[in-house]
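Notes to accompany the following structure.
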Amino acid sequence: MIVQRIAVMMADAIAIMALLAVVAVGLGFLMLPALYLVEWIQGKLSESDNRVPCPPDCDLPDVLLQLPIYDEPAGVVEGLLQSVAALLWPRHKLRIQLLDDSAGEAREQARSSIDALRAQGFHADHVTRDDRRGYKAGALAAGLMSGNEPFVAILDADFRPPADWLKMTVPRLAANPTAGFIQSRCEFSNAQTNWLTRTQSLLFDSHFVMEQGVRARAGMLFQFNGTGGVWRRRAIEDAGGWTADSLCEDLDLTIRAALAGWKGLFSMHPPVSGLVPDRMRHWRVQQRRWASGFAQIARKLIGPISRSSWSIPQKFQAGFLILYQAALPVIAIAAVALLSDLILRGGSLPPVGALLATVLILILPVSVGMTLPPYLELKRGGVGRYLLGVSALPPLIVYLSLANARPIIAAFFGRREVFKRTPKRAAES
């Protein structure tokens with residue numbers, strides 16, 4: 001009897017702490033729609049890009065364009081290089097690096113594509129390595145060792161920039177001497193393939209418009225997304241360069257650059273088009289990598305952030321950025337604790353009714369507040385399509401909580417993970 005009472009008390013305590021953490025995360029997310037609403041009322045959203053005039057070609061700076069790839073289908077690489085060849089930037093001021101960690105036939109196909117680009121008069125390098133040490137971060141770092149271009153643009157294999165992408169981003173970055181990078185909003189050309197891609201598109205619109213855009217305009221820390229952005233080389237160097245001790249090298253560099261005094265810029269227009277996974281197993285690979293990477297970043301950088309000279313609000317915002325993925329295992333822990341509590345109590349409800357009700361009530365304003373404004377601003381469609389998309393979010397979040405709880409916890413406590421790229425299909429390139 002005593003043992004059962006102790007078990008019930010422990011289950012109660014775990015459930016209460018987990019539910020409190022979920023409520024805190026929900027309230028943290030609600031801050032972003034609130035700030036967006038204030039901007040909308042003040043009419044500031046239309047001025048959010050703060051564009052600067054593009055100087056004449058003779059005054060444009062040199063740019064290094066890095067394209068990290070690994071065992072991509074030939075059609076994906078060819079499509080990437082074709083889009084890069086269409087960029088409106090003086091050829092003598094643009095150096096293209098195909099950072100190729102592939103081997104065998106994939107490497108030879110990439111070499112042929114680069115040769116074709118050179119034949120068109122482009123300065124294009126095919127940079128290969130004997131191993132994948134450091135994965136994407138290692139490839140980017142290796143590419144930086146040659147040349148000294150002051151600005152470094154990065155595109156993943158499945159991304160296709162519009163022709164004016166560099167002219168809309170590099171001058172703005174160059175005109176802001178305290179800015180270390182500029183991140184473009186991303187869209188996805190296969191967003192309407194199936195229910196999974198539609199739901200991901202809704203989530204990514206929320207991420208770029210609500211998280212990235214609102215955070216950037218409010219002067220808060222926000223992340224470089226690993227693609228569709230341009231870095232100032234000096235900011236990379238001041239941050240200590242690319243490191244491969246996490247699976248989210250982009251967030252890692254973002255925070256270290258911020259600790260070194262650099263800020264980020266966000267560009268709503270023009271968007272850079274990419275692909276989202278259209279199969280559940282591919283999506284799981286991507287989500288596990290991101291979730292584990294965030295946990296590794298939290299383990300690595302929460303100490304430096306807490307010891308930095310940043311203000312308390314700045315530290316809180318940075319902490320929320322790198323820790324909100326922890327809500328996934330917390331949700332799983334809360335679910336297990338509540339179920340255990342019910343069993344131990346013989347079916348009687350545990351004393352967490354108010355907290356559980358608060359969590360359930362928060363689901364609607366957080367889901368709608370984070371997704372409806374981007375849906376309307378970007379004119380994604382009608383009410384029916386939105387309702388179908390948003391209704392799929394809670395089940396997916398629960399699924400992620402159960403699927404990623406163990407790898408997140410393991411990564412936070414130091415377990416190393418192998419970098420697994422998100423598979424791409426040549427037919428979609």
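Ligands are numbered from 1 in the order shown, residues from 1 within each chain, and chains are lettered A, B, ... in the order they appear in the structure tokens.
In the backbone-derived DSSP annotation, strand (DSSP E) within stretch 101-189 of chain A comprises His123, Ala124, Asp125, His126, Val127, Thr128, Phe151, Val152, Ala153, Ile154, Ala179, Gly180, Phe181, Ile182, Gln183, Ser184, Arg185, Cys186, Glu187 and Phe188 of chain A.
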As a compact mmCIF listing (two decimals) with C-alpha atoms, in the first residue's frame, please: every residue in stretch 341-418 of chain A that DSSP puts in alpha helix (DSSP H).
# COMPACT_ATOMS: atom_id res chain seq x y z
CA ASP A 341 -1.47 7.65 -12.78
CA LEU A 342 -4.84 6.47 -14.07
CA ILE A 343 -3.82 2.83 -13.74
CA LEU A 344 -2.39 3.26 -10.24
CA GLY A 353 -7.38 18.52 -14.23
CA ALA A 354 -6.74 22.26 -14.37
CA LEU A 355 -3.29 21.83 -15.96
CA LEU A 356 -4.54 19.28 -18.48
CA ALA A 357 -7.45 21.55 -19.37
CA THR A 358 -5.02 24.45 -19.86
CA VAL A 359 -2.92 22.34 -22.25
CA LEU A 360 -6.01 21.32 -24.23
CA ILE A 361 -7.26 24.91 -24.36
CA LEU A 362 -3.87 26.15 -25.59
CA ILE A 363 -3.88 23.76 -28.56
CA LEU A 364 -6.37 25.87 -30.53
CA PRO A 365 -4.88 29.39 -30.10
CA VAL A 366 -1.31 28.13 -30.62
CA SER A 367 -2.17 26.09 -33.73
CA VAL A 368 -4.33 28.80 -35.29
CA GLY A 369 -2.23 31.74 -34.10
CA MET A 370 0.96 30.27 -35.57
CA THR A 371 -0.51 29.07 -38.88
CA LEU A 372 -3.46 31.27 -39.89
CA PRO A 373 -1.60 34.61 -40.29
CA PRO A 374 1.00 33.09 -42.68
CA TYR A 375 -1.76 31.25 -44.56
CA LEU A 376 -3.61 34.51 -45.12
CA GLU A 377 -0.55 36.67 -45.80
CA VAL A 383 -10.89 27.99 -45.55
CA GLY A 384 -11.49 24.31 -46.30
CA ARG A 385 -7.88 23.67 -47.28
CA TYR A 386 -6.65 25.47 -44.17
CA LEU A 387 -8.90 23.48 -41.85
CA LEU A 388 -7.73 20.19 -43.38
CA GLY A 389 -4.12 21.21 -42.88
CA VAL A 390 -4.39 22.52 -39.35
CA SER A 391 -6.43 19.51 -38.20
CA LEU A 393 -1.09 19.15 -36.77
CA PRO A 394 -2.05 17.76 -33.32
CA PRO A 395 -1.77 14.08 -34.42
CA LEU A 396 1.60 14.78 -36.05
CA ILE A 397 2.89 16.53 -32.92
CA VAL A 398 1.81 13.60 -30.76
CA TYR A 399 3.48 11.21 -33.19
CA LEU A 400 6.72 13.23 -33.13
CA SER A 401 6.60 13.33 -29.33
CA LEU A 402 6.51 9.55 -29.14
CA ALA A 403 8.96 8.93 -32.00
CA ASN A 404 11.61 11.51 -31.04
CA ALA A 405 11.49 11.43 -27.24
CA ARG A 406 14.22 8.81 -26.89
CA PRO A 407 16.69 10.26 -29.46
CA ILE A 408 16.26 13.79 -28.05
CA ILE A 409 16.97 12.66 -24.49
CA ALA A 410 19.87 10.47 -25.64
CA ALA A 411 21.40 13.32 -27.65
CA PHE A 412 21.07 15.74 -24.74
Polymer residues at most 9 Å from A:Pro162, only C-alpha atoms, same-chain spacing of 4 or more positions, as a PDB file with C-alpha atoms, in the first residue's frame:
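The resulting file, around-v8.pdb, is reproduced below:
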ATOM      1  CA  SER A  83      19.207  27.419 -61.466  1.00  0.00           C
ATOM      2  CA  VAL A  84      22.571  28.704 -60.253  1.00  0.00           C
ATOM      3  CA  ALA A  86      20.556  31.703 -64.184  1.00  0.00           C
ATOM      4  CA  LEU A  87      21.484  33.935 -61.216  1.00  0.00           C
ATOM      5  CA  LEU A 166      21.600  37.328 -54.784  1.00  0.00           C
ATOM      6  CA  PRO A 270      11.939  36.615 -53.028  1.00  0.00           C
ATOM      7  CA  PRO A 271      11.450  33.112 -51.581  1.00  0.00           C
ATOM      8  CA  VAL A 272      13.801  30.267 -52.464  1.00  0.00           C
ATOM      9  CA  SER A 273      12.028  27.119 -53.620  1.00  0.00           C
TER      10      SER A 273
END
Which residues of stretch 191-286 of chain A come within 10 Å of stretch 318-326 of chain A, and what is each one's closest atom pair and distance in Å (one decimal), counting only C-alpha atoms, sorted by chain and residue number, as a tab-separated table?
residue	atom	partner	partner_atom	distance
A:Glu211	CA	A:Leu321	CA	9.5
A:Met220	CA	A:Ala318	CA	8.0
A:Leu221	CA	A:Ala318	CA	6.1
A:Phe222	CA	A:Leu321	CA	7.5
A:Gln223	CA	A:Leu321	CA	8.5
A:Leu251	CA	A:Ile322	CA	8.4
A:Asp252	CA	A:Ile322	CA	9.6
A:Ile255	CA	A:Ala318	CA	8.2
A:Ala258	CA	A:Ala318	CA	9.9
Restricting it to C-alpha atoms, dump the selection as a tab-separated table (two decimals), in the first residue's frame.
chain	number	residue	atom	x	y	z
A	211	GLU	CA	9.17	32.51	-36.07
A	220	MET	CA	15.43	38.56	-31.25
A	221	LEU	CA	17.74	35.68	-32.05
A	222	PHE	CA	16.59	33.56	-34.98
A	223	GLN	CA	18.35	30.83	-36.86
A	251	LEU	CA	21.82	26.65	-35.60
A	252	ASP	CA	25.17	26.05	-33.90
A	255	ILE	CA	24.25	31.12	-31.91
A	258	ALA	CA	25.36	35.94	-32.09
* To do: Counting only C-alpha atoms, figure out which residue out of A:Val330, A:Leu173, A:Asp101, A:Val209 gets nearest to A:Gly134.
  => A:Asp101
* Option closest in space to A:Pro329, from A:Trp262, A:Ile2, A:Ala291, A:Gly43 [counting only C-alpha atoms] -> A:Ala291
